[in-house]
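Undergrad: Got a structure for you, model.cif, holding mmCIF, C-alpha atoms.
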```
data_model
loop_
_atom_site.label_atom_id
_atom_site.label_comp_id
_atom_site.auth_asym_id
_atom_site.auth_seq_id
_atom_site.Cartn_x
_atom_site.Cartn_y
_atom_site.Cartn_z
CA MET A 99 -31.67 29.03 -11.78
CA ARG A 100 -33.53 26.41 -9.79
CA MET A 101 -31.41 23.63 -11.40
CA LYS A 102 -28.24 25.44 -10.34
CA HIS A 103 -29.40 25.42 -6.72
CA LEU A 104 -30.27 21.72 -6.90
CA CYS A 105 -26.80 20.91 -8.24
CA LEU A 106 -25.15 22.91 -5.46
CA LEU A 107 -27.36 21.23 -2.88
CA ALA A 108 -26.42 17.81 -4.24
CA LEU A 109 -22.72 18.63 -3.91
CA ILE A 110 -23.19 19.75 -0.33
CA ALA A 111 -25.30 16.71 0.59
CA CYS A 112 -22.83 14.19 -0.90
CA PRO A 113 -19.32 15.25 0.01
CA ALA A 114 -16.39 13.28 -1.39
CA GLN A 115 -15.01 10.52 0.78
CA ALA A 116 -12.33 11.93 3.06
CA GLU A 117 -8.91 10.32 3.11
CA THR A 118 -8.16 8.96 6.54
CA LYS A 119 -4.59 8.01 7.39
CA MET A 120 -4.19 4.54 8.80
CA THR A 121 -2.37 4.33 12.09
CA PRO A 122 0.42 1.74 12.36
CA SER A 123 -1.99 -0.45 14.35
CA GLN A 124 -4.70 -0.18 11.67
CA PHE A 125 -2.12 -0.87 8.97
CA GLU A 126 -0.94 -3.99 10.80
CA THR A 127 -4.52 -5.25 11.05
CA PHE A 128 -5.16 -4.50 7.36
CA THR A 129 -2.01 -6.28 6.14
CA ARG A 130 -1.48 -9.11 8.64
CA ASP A 131 -0.65 -12.44 6.92
CA THR A 132 -1.62 -11.20 3.45
CA THR A 133 -0.13 -10.26 0.11
CA VAL A 134 -1.36 -6.86 -1.09
CA PHE A 135 -1.34 -5.89 -4.78
CA PHE A 136 -0.89 -2.27 -5.90
CA ASN A 137 -1.55 -0.31 -9.08
CA ARG A 138 -0.09 3.07 -9.97
CA HIS A 139 -1.68 5.18 -12.72
CA ASP A 140 -4.13 2.30 -13.42
CA ALA A 141 -1.33 -0.17 -14.20
CA PRO A 142 0.11 -3.02 -12.09
CA TYR A 143 2.94 -1.69 -9.93
CA GLY A 144 3.89 -4.35 -7.39
CA ALA A 145 2.91 -6.49 -4.43
CA GLU A 146 4.01 -6.87 -0.85
CA GLN A 147 3.69 -9.91 1.37
CA TYR A 148 3.27 -9.10 5.07
CA LEU A 149 4.69 -11.68 7.45
CA ARG A 150 4.91 -12.15 11.22
CA ASP A 151 6.99 -9.71 13.24
CA ARG A 152 6.44 -6.93 10.68
CA ARG A 153 8.63 -8.62 8.11
CA VAL A 154 7.83 -7.98 4.44
CA ILE A 155 8.70 -9.17 0.96
CA TRP A 156 8.27 -6.64 -1.89
CA SER A 157 8.17 -7.42 -5.61
CA PHE A 158 7.62 -5.32 -8.71
CA LEU A 159 6.07 -8.58 -10.00
CA ASP A 160 9.13 -9.34 -12.09
CA GLY A 161 10.16 -12.41 -10.08
CA THR A 162 12.72 -10.51 -8.02
CA CYS A 163 11.92 -9.89 -4.36
CA GLN A 164 13.30 -7.57 -1.68
CA ARG A 165 13.05 -8.58 1.96
CA GLY A 166 12.71 -6.10 4.77
CA ILE A 167 10.74 -4.87 7.74
CA TRP A 168 8.17 -2.17 8.37
CA PHE A 169 7.71 0.06 11.40
CA GLY A 170 5.53 2.95 12.48
CA GLU A 171 7.01 6.43 12.81
CA GLY A 172 4.18 8.66 14.08
CA ASP A 173 1.48 8.40 11.40
CA GLU A 174 3.98 7.19 8.79
CA ILE A 175 4.55 3.57 7.80
CA CYS A 176 8.24 3.08 7.02
CA PHE A 177 9.97 0.23 5.20
CA LEU A 178 13.61 -0.76 5.48
CA TYR A 179 14.76 -3.32 2.92
CA ASP A 180 17.87 -5.49 3.16
CA ASP A 181 19.55 -3.87 0.16
CA GLN A 182 18.73 -0.22 0.97
CA PRO A 183 20.49 1.92 3.60
CA ASP A 184 17.57 4.27 4.30
CA ALA A 185 13.95 3.70 5.25
CA LEU A 186 11.21 4.74 2.82
CA CYS A 187 8.16 6.18 4.59
CA TRP A 188 4.58 6.24 3.36
CA TYR A 189 1.14 7.38 4.40
CA PHE A 190 -1.53 4.70 3.97
CA PHE A 191 -5.10 5.87 3.52
CA ASP A 192 -8.52 4.27 3.81
CA ASP A 193 -11.50 6.32 2.63
CA GLY A 194 -14.02 3.58 3.36
CA VAL A 195 -14.12 2.50 -0.28
CA ARG A 196 -10.49 2.11 -1.29
CA GLN A 197 -7.04 1.99 0.26
CA SER A 198 -4.02 3.81 -1.11
CA ALA A 199 -0.42 4.62 -0.25
CA ARG A 200 1.63 7.77 -0.79
CA ILE A 201 5.35 8.28 -0.27
CA VAL A 202 5.72 11.07 2.29
CA GLY A 203 6.09 14.32 0.33
CA ASP A 204 4.94 12.89 -3.03
CA ASP A 205 2.12 14.13 -5.25
CA PRO A 206 -1.24 12.39 -4.58
CA ALA A 207 -1.44 11.74 -8.35
CA ASP A 208 1.33 9.16 -7.85
CA ASP A 209 -0.44 7.21 -5.10
CA LEU A 210 -0.40 3.44 -5.14
CA VAL A 211 -3.92 1.99 -5.04
CA VAL A 212 -4.71 -1.35 -3.43
CA VAL A 213 -6.33 -3.55 -6.09
CA GLY A 214 -6.32 -6.88 -4.30
CA LYS A 215 -5.34 -8.96 -1.30
CA SER A 216 -4.46 -12.64 -1.16
CA SER A 217 -3.44 -15.22 1.40
CA ASP A 218 -1.04 -16.71 -1.18
CA PRO A 219 2.69 -15.94 -0.82
CA LEU A 220 4.63 -14.02 -3.45
CA VAL A 221 6.46 -16.06 -6.07
CA CYS A 222 10.14 -15.10 -6.00
CA PRO A 223 12.04 -17.39 -8.41
CA GLY A 224 14.81 -15.01 -9.48
CA PRO A 225 17.50 -13.97 -9.71
CA ASP A 226 18.79 -16.80 -7.48
CA VAL A 227 17.00 -19.60 -9.32
CA GLY A 228 17.41 -22.85 -7.44
CA VAL A 229 17.43 -21.15 -4.05
CA SER A 230 14.24 -21.61 -2.09
CA TYR A 231 13.09 -19.07 0.47
CA ARG A 232 10.45 -19.82 3.05
CA PRO A 233 9.48 -17.05 5.48
#
```
Output the file's structure in the form of structure tokens.
TA:
Amino acid sequence: MRMKHLCLLALIACPAQAETKMTPSQFETFTRDTTVFFNRHDAPYGAEQYLRDRRVIWSFLDGTCQRGIWFGEGDEICFLYDDQPDALCWYFFDDGVRQSARIVGDDPADDLVVVGKSSDPLVCPGPDVGVSYRP
């Protein structure tokens, strides 16, 4: 019985890290002038390069890149890409240990998890090989 109480006490004393939504300002600070790499379900998913003036370049790491912009909409971070008519909005979280992203309305099990940041730009050689793009 005593062990049961100690286990319960340990759970109360060490609560799980709470997810805290990033504000658009916090998100901008976190991403400014970086390339962020994401995993989904413990596998590489993609990367996004964050440029000046809230411009972005997204890649599923297949050599093809989509250019767009991001903007804040309340506590949502929304992305509008050149080849898509509608914005896609996300919540970005920071629990003090890790950062993650969730499409608004999606299951938390499908969150993207930040696995790295780099000051290097994305490599976007295709499909327009021979065309050079400099942000």
Undergrad: Evaluate the PyMOL selection byres ((chain A and resi 192) around 8) on the structure here and hand back the selected residues as a PyMOL selection string.
TA: chain A and resi 117-120+190-191+193-198
Undergrad: Return as a VMD selection string the set of residues that the PyMOL selection byres ((chain A and resi 210) around 6) yields on the displayed structure.
TA: chain A and resid 136 to 138 198 to 199 209 211
Undergrad: If you apply the PyMOL selection byres ((chain A and resi 135) around 12) to this file, what residues do you get, as a count of residues only?
TA: 33
Undergrad: Could you tell me how far atom CA of A:Phe169 lies from atom CA of A:Arg153, in Å and to one decimal?
TA: 9.3 Å
Undergrad: Please measure the separation of atom CA of A:Gly170 and atom CA of A:Ile201, giving the value in Å to one decimal.
TA: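 For atom CA of A:Gly170 relative to atom CA of A:Ile201, the distance reads 13.8 Å.
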Undergrad: What does the structure give for the distance between atom CA of A:Trp188 and atom CA of A:Asp208, in Å to one decimal?
TA: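 Those two atoms sit 12.0 Å apart.
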Undergrad: Which one is closest to A:Glu174: A:Ala116, A:Val221, A:Val202, A:Leu149? Count only C-alpha atoms.
TA: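 Smallest distance to A:Glu174 is found for A:Val202.
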Undergrad: Would you mind listing what lies within 7 Å of A:Leu186 as a JSON list (two decimals) with C-alpha atoms, in the frame of the given file, with only C-alpha atoms counted and same-chain residues fewer than 5 positions away left out?
TA:
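Contents of out-v2.json, freshly written:
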```
[["chain", "number", "residue", "atom", "x", "y", "z"],
["A", 176, "CYS", "CA", 8.24, 3.08, 7.02],
["A", 177, "PHE", "CA", 9.97, 0.23, 5.20],
["A", 178, "LEU", "CA", 13.61, -0.76, 5.48]]
```
Undergrad: Got a sec: who's within 7 Å of A:Asp173, counting only C-alpha atoms, leaving out chain neighbours fewer than 2 positions off, as a PyMOL selection string?
TA: chain A and resi 121-122+170-171+175
Undergrad: Write out the residues from the selection above, keeping C-alpha atoms, as a compact mmCIF listing (two decimals), in the coordinates of the input.
TA:
```txt
# COMPACT_ATOMS: atom_id res chain seq x y z
CA THR A 121 -2.37 4.33 12.09
CA PRO A 122 0.42 1.74 12.36
CA GLY A 170 5.53 2.95 12.48
CA GLU A 171 7.01 6.43 12.81
CA ILE A 175 4.55 3.57 7.80
```
Undergrad: Output as AutoDock Vina command-line options the centre and edge lengths (Å, one decimal) of the box along x, y and z of the file that holds every listed atom of stretch 164-181 of chain A after adding 3 Å on each side.
TA:
```
--center_x 10.5 --center_y 0.0 --center_z 6.2 --size_x 24.1 --size_y 23.2 --size_z 21.8
```
